[in-house]
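Reading through the structure tokens given below for one structure.
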Amino acid sequence: MTGLVVAMDGPSGSGKSSVSRGVARALGLRYLDTGAMYRAMTWWMLQQAVDLADPAAIAARAGEPRIVSGTDPDGPEIHVDDVDVAEPIRQSDVTGAVSVVAAVPEVRARLVALQREIAGAGDIVVEGRDIGTVVCPDAAVKVYLTASAEARAQRRSAEVAGSTVEAQQAAMAKRDILDSTRKTDPLSMADGAVELDTTALNLEEVIAAVLRLVEARRGSEGEHESPDGRDRIHERT
Ligand SMILES: Nc1ncnc2c1ncn2[C@@H]1O[C@H](COP(=O)(O)OP(=O)(O)O)[C@@H](O)[C@H]1O
Ligand SMILES: Nc1ccn([C@H]2C[C@H](O)[C@@H](COP(=O)(O)OP(=O)(O)O)O2)c(=O)n1
């Protein structure tokens, strides 16, 4: 399947980044982290002391930063105006502000255009919140990862030194609401997406399930009729 696009959506801590990178590695595909692009835009807005309480102020500056994303699943890179921001975009100031910046239509229009440019050639796993619905609606494989709020908070708190599961769960719940209720491109499941609940699965099991889904899709494009991805993925997990 040349030009394969795998769209991976879901809320924070559902496993999008780890699963997407694993799938891209296994299949020799590129990888794009669109959340990192929204974080990079937010980092730049904070650096420029843009008033984030004013959507018009954010919109007015959204065209300025030059955001360049790498697509290597083994070492995803992200630069803003030639500054490597891979680390600072994960800091709590950016995490706390990113949903507000990502809700501004001018920000989304700019970043979606960039994402489509990168994904255009295909052979890529693209992860985010609106990939199957907006960025790559024609993706051959669309996955919507979920996990219980507790599991997601536990995974995140294991990553962040000194954080408690309760604090993570509260912060994630706040971000989930902002990401799901924004007017433009809210977090929602795309038509044709396969929902995969990862609460009780480990990373390897989730990656294997997505690889089976790709396989099923390839099979259904061949000579013989085969069941759709949803049936096959549930059969075997
Ligand atoms: N199925 C899983 N089981 C256990 N831990 C997982 C699973 N999927 C992801 N993780 C871990 O949870 C954390 C968050 O995963 P990540 O891929 O960053 O999620 P997202 O991109 O959806 O926010 C990472 O430390 C990752 O290793
Ligand atoms: N395609 C996307 C990707 C991310 N976002 C927003 C929503 C998220 O709160 C932030 C950060 O995304 P990221 O995937 O890095 O978030 P996590 O920390 O993995 O939850 O960006 C978006 O609006 N659209």
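Identifiers for the structure tokens are assigned positionally: chains receive A, B, ... in sequence, residues are indexed from 1 per chain, and ligands are indexed from 1 in the order shown.
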Residues at most 6 Å from stretch 31-41 of chain A, counting only C-alpha atoms, excluding those fewer than 5 positions away in the same chain, as a tab-separated table (two decimals) with C-alpha atoms, in the first residue's frame?
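Written out: result.tsv:
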```
chain	number	residue	atom	x	y	z
A	71	THR	CA	9.23	13.01	10.82
A	72	ASP	CA	11.72	10.41	12.09
A	73	PRO	CA	9.94	8.13	14.61
A	89	ILE	CA	7.40	22.49	24.78
A	98	VAL	CA	-1.79	24.93	24.86
A	124	ILE	CA	3.20	8.36	7.52
A	125	VAL	CA	1.54	7.93	10.91
A	126	VAL	CA	0.00	11.25	11.99
A	127	GLU	CA	-1.14	11.69	15.59
A	128	GLY	CA	-3.29	14.33	17.23
```
Enumerate, as a ChimeraX atom specification, the complete set of residues in stretch 138-212 of chain A that a backbone-based DSSP assignment places in strand (DSSP E). /A:141-146,194-197
Among stretch 146-223 of chain A, which ones does DSSP assign to helix (DSSP H, G or I) (computed from the backbone)? Answer as a PyMOL selection string. chain A and resi 149-159+165-181+203-220
Preceding selection exported with N, CA and C atoms as a short mmCIF file (atom, residue, chain, number, x, y, z; two decimals), in the first residue's frame:
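New file result03.cif:
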```
data_model
loop_
_atom_site.label_atom_id
_atom_site.label_comp_id
_atom_site.auth_asym_id
_atom_site.auth_seq_id
_atom_site.Cartn_x
_atom_site.Cartn_y
_atom_site.Cartn_z
N ALA A 149 -9.78 7.39 32.59
CA ALA A 149 -9.14 8.60 33.12
C ALA A 149 -8.04 8.23 34.12
N GLU A 150 -8.28 7.19 34.91
CA GLU A 150 -7.29 6.76 35.92
C GLU A 150 -6.03 6.24 35.22
N ALA A 151 -6.21 5.39 34.21
CA ALA A 151 -5.04 4.83 33.52
C ALA A 151 -4.24 5.94 32.85
N ARG A 152 -4.91 6.88 32.24
CA ARG A 152 -4.21 7.97 31.54
C ARG A 152 -3.42 8.81 32.55
N ALA A 153 -4.04 9.09 33.69
CA ALA A 153 -3.36 9.91 34.71
C ALA A 153 -2.18 9.16 35.30
N GLN A 154 -2.35 7.85 35.49
CA GLN A 154 -1.25 7.05 36.04
C GLN A 154 -0.06 7.05 35.08
N ARG A 155 -0.34 6.89 33.80
CA ARG A 155 0.75 6.88 32.80
C ARG A 155 1.49 8.22 32.81
N ARG A 156 0.75 9.31 32.83
CA ARG A 156 1.38 10.64 32.79
C ARG A 156 2.17 10.91 34.07
N SER A 157 1.60 10.54 35.22
CA SER A 157 2.29 10.88 36.47
C SER A 157 3.58 10.06 36.61
N ALA A 158 3.60 8.88 35.96
CA ALA A 158 4.83 8.10 35.98
C ALA A 158 5.94 8.80 35.20
N GLU A 159 5.54 9.67 34.27
CA GLU A 159 6.53 10.38 33.43
C GLU A 159 7.04 11.66 34.07
N VAL A 165 -0.97 11.18 40.90
CA VAL A 165 -1.98 10.73 39.95
C VAL A 165 -3.19 11.66 40.00
N GLU A 166 -3.56 12.08 41.23
CA GLU A 166 -4.75 12.94 41.39
C GLU A 166 -4.56 14.27 40.67
N ALA A 167 -3.38 14.87 40.85
CA ALA A 167 -3.11 16.17 40.21
C ALA A 167 -3.12 16.03 38.69
N GLN A 168 -2.53 14.95 38.20
CA GLN A 168 -2.51 14.72 36.75
C GLN A 168 -3.91 14.54 36.22
N GLN A 169 -4.73 13.76 36.98
CA GLN A 169 -6.09 13.47 36.51
C GLN A 169 -6.90 14.77 36.42
N ALA A 170 -6.71 15.64 37.42
CA ALA A 170 -7.45 16.91 37.41
C ALA A 170 -7.01 17.78 36.24
N ALA A 171 -5.69 17.85 36.01
CA ALA A 171 -5.17 18.69 34.91
C ALA A 171 -5.63 18.15 33.56
N MET A 172 -5.62 16.82 33.43
CA MET A 172 -6.02 16.22 32.15
C MET A 172 -7.51 16.41 31.91
N ALA A 173 -8.31 16.32 32.97
CA ALA A 173 -9.76 16.49 32.82
C ALA A 173 -10.06 17.90 32.32
N LYS A 174 -9.32 18.86 32.85
CA LYS A 174 -9.52 20.26 32.45
C LYS A 174 -9.18 20.42 30.95
N ARG A 175 -8.05 19.82 30.55
CA ARG A 175 -7.62 19.93 29.15
C ARG A 175 -8.58 19.16 28.23
N ASP A 176 -9.05 17.99 28.68
CA ASP A 176 -10.02 17.21 27.87
C ASP A 176 -11.25 18.07 27.57
N ILE A 177 -11.74 18.79 28.59
CA ILE A 177 -12.96 19.59 28.40
C ILE A 177 -12.67 20.70 27.39
N LEU A 178 -11.55 21.39 27.55
CA LEU A 178 -11.21 22.48 26.62
C LEU A 178 -11.03 21.93 25.20
N ASP A 179 -10.35 20.80 25.08
CA ASP A 179 -10.08 20.23 23.75
C ASP A 179 -11.36 19.70 23.10
N SER A 180 -12.31 19.23 23.91
CA SER A 180 -13.53 18.62 23.36
C SER A 180 -14.63 19.64 23.06
N THR A 181 -14.61 20.78 23.72
CA THR A 181 -15.72 21.72 23.57
C THR A 181 -15.39 22.91 22.68
N LEU A 203 1.73 -1.51 25.94
CA LEU A 203 2.10 -0.80 24.71
C LEU A 203 2.27 -1.76 23.53
N GLU A 204 2.95 -2.86 23.78
CA GLU A 204 3.21 -3.82 22.68
C GLU A 204 1.89 -4.38 22.13
N GLU A 205 0.94 -4.61 23.04
CA GLU A 205 -0.35 -5.16 22.60
C GLU A 205 -1.11 -4.14 21.74
N VAL A 206 -1.00 -2.87 22.11
CA VAL A 206 -1.71 -1.84 21.34
C VAL A 206 -1.07 -1.70 19.96
N ILE A 207 0.26 -1.68 19.93
CA ILE A 207 0.96 -1.57 18.64
C ILE A 207 0.58 -2.76 17.74
N ALA A 208 0.58 -3.95 18.34
CA ALA A 208 0.23 -5.15 17.56
C ALA A 208 -1.19 -5.04 17.02
N ALA A 209 -2.11 -4.51 17.83
CA ALA A 209 -3.50 -4.38 17.39
C ALA A 209 -3.61 -3.42 16.21
N VAL A 210 -2.84 -2.32 16.26
CA VAL A 210 -2.90 -1.36 15.14
C VAL A 210 -2.27 -1.97 13.89
N LEU A 211 -1.19 -2.73 14.08
CA LEU A 211 -0.56 -3.37 12.92
C LEU A 211 -1.52 -4.37 12.27
N ARG A 212 -2.31 -5.05 13.08
CA ARG A 212 -3.30 -5.98 12.52
C ARG A 212 -4.37 -5.22 11.73
N LEU A 213 -4.67 -4.05 12.23
CA LEU A 213 -5.67 -3.22 11.54
C LEU A 213 -5.16 -2.79 10.15
N VAL A 214 -3.88 -2.42 10.10
CA VAL A 214 -3.27 -2.04 8.82
C VAL A 214 -3.29 -3.25 7.88
N GLU A 215 -2.92 -4.38 8.45
CA GLU A 215 -2.91 -5.64 7.69
C GLU A 215 -4.30 -5.95 7.14
N ALA A 216 -5.30 -5.78 7.98
CA ALA A 216 -6.69 -6.05 7.58
C ALA A 216 -7.09 -5.13 6.43
N ARG A 217 -6.65 -3.90 6.52
CA ARG A 217 -6.97 -2.91 5.49
C ARG A 217 -6.30 -3.30 4.16
N ARG A 218 -5.04 -3.74 4.30
CA ARG A 218 -4.32 -4.17 3.09
C ARG A 218 -5.02 -5.36 2.47
N GLY A 219 -5.45 -6.30 3.34
CA GLY A 219 -6.15 -7.49 2.87
C GLY A 219 -7.43 -7.13 2.14
N SER A 220 -8.14 -6.15 2.68
CA SER A 220 -9.43 -5.79 2.08
C SER A 220 -9.24 -5.06 0.75
#
```
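Each of A:Ala161, A:Val194, A:Met8, A:Val68 was checked against ligand 2 using only C-alpha atoms and all ligand atoms; the smallest atom-to-atom distance is that of A:Met8.
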When distances are computed from only C-alpha atoms and all ligand atoms, which of A:Ser99, A:Thr133, A:Gln47, A:Thr42 shows the smallest separation from ligand 2?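 Looking at the shortest contact to ligand 2, the residue is A:Ser99.
If you look at atom CA of A:Tyr144 and atom CA of A:Ile67, they are 26.2 Å away from each other.
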If we count only C-alpha atoms and set the cut-off at 8 Å, which residues sit around A:Arg25, ignoring sequence neighbours fewer than 3 positions away in its own chain? Please answer as number ranges by chain. A: 21-22, 28-29, 73-74
Could you check which of A:Asp84, A:Asp130, A:Glu117, A:Asp138 is closest to A:Met189, using only C-alpha atoms?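 Among A:Asp84, A:Asp130, A:Glu117, A:Asp138, it is A:Asp130 that comes nearest to A:Met189.
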